[in-house]
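The structure appears right after this line, and notes come after that.
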Amino acid sequence: MLPPETALWNFVEAAARDVFRVYNFHEIRTPIFEETHLFARSVGEETDIVSKEMYTWEDGLRAADYAVYKKWITTLYPSSEMFRRMDPDSALAQTPIPALSIELHGKWNFVVFAYRLTYQVLMELKLALERLDKDKRLFRIVTAEPLPDNFRFLVGDAPVITERVSIDSVPQWLTLRPENTAGVVRAYIEHKLWERGLNKLFYIGPMFRRERPQKGRYRQFYQIGAEVIGPPSAGSESPARDAELLELLATFLDRLGITGWTLQLNSIGCPADRASYNEALREALKPVVHQMDADCQRRAVTNPLRVFDCKVPEDQPIIEKLPRISEFLDEPCRKHFEEVKAILKSVGVEFQINDRLVRGLDYYSRTAFEFTHGALGAQNAILGGGRYDGLSESLGGPAAPGVGFSIGEDRLVLALKESAEAVQRKPDVYIAPLGAGMDREAARLARELRRHDIVVELGDEKFRLPKSLERASKIGARFALIVGENEVKAGAFALKNLETGEQRSVARGELAESIQAEH
Ligand code: HAM
């Protein structure tokens, strides 16, 4: 991305920061890469993003140590499922190293393989323990790290024997963030952000997805996003938060002069109704699923909602006839959606209900939305978002309902009517030093003028005057300021207005004012 294009990006980002400021949002900066399983668990294994599009790698230095760990464990536990999963020939080969594996082994009720005891691994362990039979909790934990202080708190008083493989460092599977909601919720849990009540956060930055590049779709793209998250007692669940975000978005797009957008709105249900909806989808898919593409067939079983993401044209008539989530919303969920719509009507933000909109990420519940724009062709979603009330808990955190959006900044810039030239600030003045020793004088003048917020471009004493004037016009400067020996002596300089051609002598102390006056 090069200038002057970058001026458009700055224009958009400055407008976003202004809007976030008046809605009282504050910036969060999350890492560009995170541990792989954060995305796998939040965005969902069956989504296109996680199953096909992530840039994932095993951190090189640590891999060697991991090999030691693996060797050690495969000697002790030759049949360990954990390592079978890593076998390149296994069906689950794409799954990164499982962070945690719990298995039945001989006299031990469970052997827990947890190479690293990260916060997330411990949370996974906690969730797994809750599912296990209480009186069978006798553990052998095989890890490369010492048990952390809060370990007892997590496992209760179950008898635990630990076996530590002593190696210094640990391997990690890392992924370039394909989106940022997971990172924000991870930060919410890690930094106990619930203590702050309702968090209204925004971010601007690059995301990465291995997609086939085309206009409006890139492997490194930029998002401007916001998340509202907090404990239920802070009002995080309220439909007023959803509506406020949507109204913010309408304000932002209006402010950028982007017209012709459509807000597509849906409710994709609460956990209570999701199960019955999934059941209905499975039922409806049963007689037809064998006609579908292999990916869709698998999804029909593992995660039927993801069937809506199937892109194969022949599958579309089948998808068209599937039951709609709108018919399955339970009462609280329906009411929540009604209230979102009512507030939008009261603030005058128009929307279209689209009951086929399910979004391509697993963490959503209730409100889901996209803003589309006619001028963008195939990649017409300028932004997307929705509610993710259960996400924090599924990552091992406390209940923390949330709602957010991410704008595709690349697509937003494509939809702008403004040209890069129009938003880029041109130099106010080009200083043309004439002759030996004048670079020093020019530098002093430039310093004085820049203190007055005047944009100055400096020439070079070796240039002859015509060359300097030509360059000044080329870069679009409004004035040329000529700095020669005589001018310095007199303390007054020739200031040439490059639009009118008019030239006059201006005293040093009045230069800044003269340049600013004719703006
Ligand atoms: P998403 O729908 O996956 O949602 O992405 C949001 C927006 O990012 C899209 O509408 C699109 O404008 C842009 N985008 C996605 N992929 C690309 C690409 N390859 N090239 C250019 N632009 C792209 C999310 O990412 C969620 N985190 C949104 C959210 C925030 N939900 C709740 N909070």
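Here, A, B, ... name the chains of the structure tokens in the order displayed, residue numbers run from 1 inside each chain, and ligands are numbered from 1 in the same displayed order.
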With only C-alpha atoms as the counted atoms, please give the residues lying no more than 9 Å from stretch 37-49 of chain A, apart from itself and same-chain residues fewer than 4 positions off, as a ChimeraX atom specification.
/A:53-54,95-96,98-99,120,173-175,177-179,181-183,186,209-211,299,302-303,306,309,360-363,391-392,394-395
Convert the current residue selection to file output with N, CA and C atoms, as a compact mmCIF listing (two decimals), in the first residue's frame.
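Written output follows (selection36.txt):
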# COMPACT_ATOMS: atom_id res chain seq x y z
N GLU A 53 -8.33 -21.93 6.27
CA GLU A 53 -7.75 -20.62 5.93
C GLU A 53 -6.71 -20.08 6.89
N MET A 54 -6.39 -20.82 7.94
CA MET A 54 -5.49 -20.21 8.93
C MET A 54 -4.01 -20.44 8.57
N THR A 95 -5.47 -31.48 12.60
CA THR A 95 -5.64 -30.92 13.93
C THR A 95 -4.25 -30.64 14.52
N PRO A 96 -4.03 -29.42 14.96
CA PRO A 96 -2.73 -29.14 15.58
C PRO A 96 -2.54 -30.01 16.82
N PRO A 98 -2.87 -31.59 20.00
CA PRO A 98 -3.89 -31.30 21.00
C PRO A 98 -3.21 -30.77 22.26
N ALA A 99 -3.73 -29.73 22.79
CA ALA A 99 -3.10 -29.12 23.94
C ALA A 99 -3.26 -30.02 25.15
N GLN A 120 -5.11 -21.57 29.07
CA GLN A 120 -6.18 -22.20 28.29
C GLN A 120 -6.21 -23.70 28.48
N TRP A 173 1.88 -24.21 19.02
CA TRP A 173 1.29 -24.03 17.70
C TRP A 173 0.71 -22.64 17.70
N LEU A 174 1.13 -21.88 16.71
CA LEU A 174 0.69 -20.49 16.65
C LEU A 174 -0.03 -20.22 15.34
N THR A 175 -0.90 -19.24 15.36
CA THR A 175 -1.68 -18.90 14.18
C THR A 175 -1.76 -17.39 14.04
N ARG A 177 -3.65 -14.25 13.44
CA ARG A 177 -5.06 -14.09 13.76
C ARG A 177 -5.92 -13.92 12.49
N PRO A 178 -6.95 -14.80 12.34
CA PRO A 178 -7.84 -14.64 11.19
C PRO A 178 -8.95 -13.65 11.51
N GLU A 179 -9.10 -13.32 12.77
CA GLU A 179 -10.11 -12.38 13.24
C GLU A 179 -9.73 -12.01 14.66
N THR A 181 -12.06 -11.22 17.50
CA THR A 181 -12.98 -11.37 18.63
C THR A 181 -12.42 -12.38 19.64
N ALA A 182 -11.85 -13.47 19.12
CA ALA A 182 -11.28 -14.49 20.01
C ALA A 182 -10.17 -13.88 20.86
N GLY A 183 -9.30 -13.07 20.23
CA GLY A 183 -8.20 -12.45 20.96
C GLY A 183 -8.71 -11.50 22.04
N ARG A 186 -10.08 -13.61 24.85
CA ARG A 186 -8.93 -14.18 25.58
C ARG A 186 -8.34 -13.13 26.53
N ARG A 209 -6.14 -14.57 6.33
CA ARG A 209 -6.89 -15.78 5.95
C ARG A 209 -6.38 -16.26 4.61
N ARG A 210 -6.15 -17.57 4.50
CA ARG A 210 -5.65 -18.10 3.23
C ARG A 210 -6.83 -18.30 2.29
N GLU A 211 -7.22 -17.22 1.64
CA GLU A 211 -8.34 -17.27 0.71
C GLU A 211 -7.79 -17.00 -0.68
N ARG A 299 -20.53 -31.66 7.35
CA ARG A 299 -21.10 -30.62 8.20
C ARG A 299 -22.52 -30.96 8.65
N THR A 302 -21.80 -33.00 11.72
CA THR A 302 -21.04 -32.42 12.83
C THR A 302 -21.58 -31.07 13.29
N ASN A 303 -22.01 -30.24 12.36
CA ASN A 303 -22.42 -28.88 12.72
C ASN A 303 -23.37 -28.35 11.64
N ARG A 306 -23.49 -25.00 9.74
CA ARG A 306 -22.43 -24.66 8.79
C ARG A 306 -22.76 -25.08 7.35
N ASP A 309 -23.05 -22.39 4.86
CA ASP A 309 -21.86 -21.79 4.26
C ASP A 309 -21.45 -22.50 2.97
N GLY A 360 -20.31 -16.96 9.22
CA GLY A 360 -19.41 -18.10 9.04
C GLY A 360 -18.56 -18.45 10.25
N LEU A 361 -18.96 -18.01 11.43
CA LEU A 361 -18.19 -18.31 12.64
C LEU A 361 -19.13 -18.92 13.67
N ASP A 362 -18.61 -19.87 14.46
CA ASP A 362 -19.48 -20.64 15.35
C ASP A 362 -19.93 -19.92 16.61
N TYR A 363 -19.24 -18.83 16.99
CA TYR A 363 -19.51 -18.32 18.33
C TYR A 363 -20.78 -17.50 18.48
N LEU A 391 -19.30 -17.28 24.40
CA LEU A 391 -17.90 -17.47 23.98
C LEU A 391 -16.92 -17.49 25.16
N SER A 392 -17.07 -16.54 26.07
CA SER A 392 -16.16 -16.49 27.21
C SER A 392 -16.18 -17.82 27.97
N SER A 394 -16.98 -20.75 26.89
CA SER A 394 -16.41 -21.87 26.14
C SER A 394 -14.88 -21.77 26.12
N LEU A 395 -14.33 -20.62 26.46
CA LEU A 395 -12.87 -20.50 26.56
C LEU A 395 -12.41 -20.59 28.02
Report as a PyMOL selection string which protein, DNA and RNA residues come within 7 Å of ligand 1, using only C-alpha atoms and all ligand atoms.
chain A and resi 179-181+209+211+216-223+225-227+359-361+370+381-388+403-411
Strand (DSSP E) call set, DSSP backbone run, stretch 262-356 of chain A, as a ChimeraX atom specification:
/A:262-267,352-353
One decimal, Å: what's the distance from atom CA of A:Phe202 over to atom CA of A:Asp355, could you say?
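Distance reported for this atom pair: 27.9 Å.
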d(atom CA of A:Ser51, atom CA of A:Val358) in Å
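Distance between the two atoms: 17.7 Å.
Of the listed residues (A:Glu338, A:Asp293, A:Glu502, A:Asp254), A:Glu338 comes nearest to A:Ser238; the distances count only C-alpha atoms.
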Write out as a PyMOL selection string the set of residues from stretch 178-417 of chain A that DSSP, computed on the backbone, places in helix (DSSP H, G or I).
chain A and resi 181-190+193-196+232-234+239-255+271-285+289-291+294-302+304-309+313-320+325-327+331-347+374-376+391-394+409-415
Can you tell me, as a PDB file with C-alpha atoms, in the first residue's frame, what residues are no more than 7 Å from A:Asp460 when counting only C-alpha atoms, ignoring any on the same chain fewer than 3 positions away?
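Result saved to out.pdb:
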ATOM      1  CA  ALA A 432      13.824  26.902  -2.650  1.00  0.00           C
ATOM      2  CA  PRO A 433      17.343  27.642  -1.339  1.00  0.00           C
ATOM      3  CA  ASP A 439      20.453  24.952   2.764  1.00  0.00           C
ATOM      4  CA  PHE A 463      18.886  23.224  -7.763  1.00  0.00           C
TER       5      PHE A 463
END
Option closest in space to A:Ala400, from A:Pro4, A:Pro271, A:Pro231, A:Gly205 [counting only C-alpha atoms]:
A:Pro231
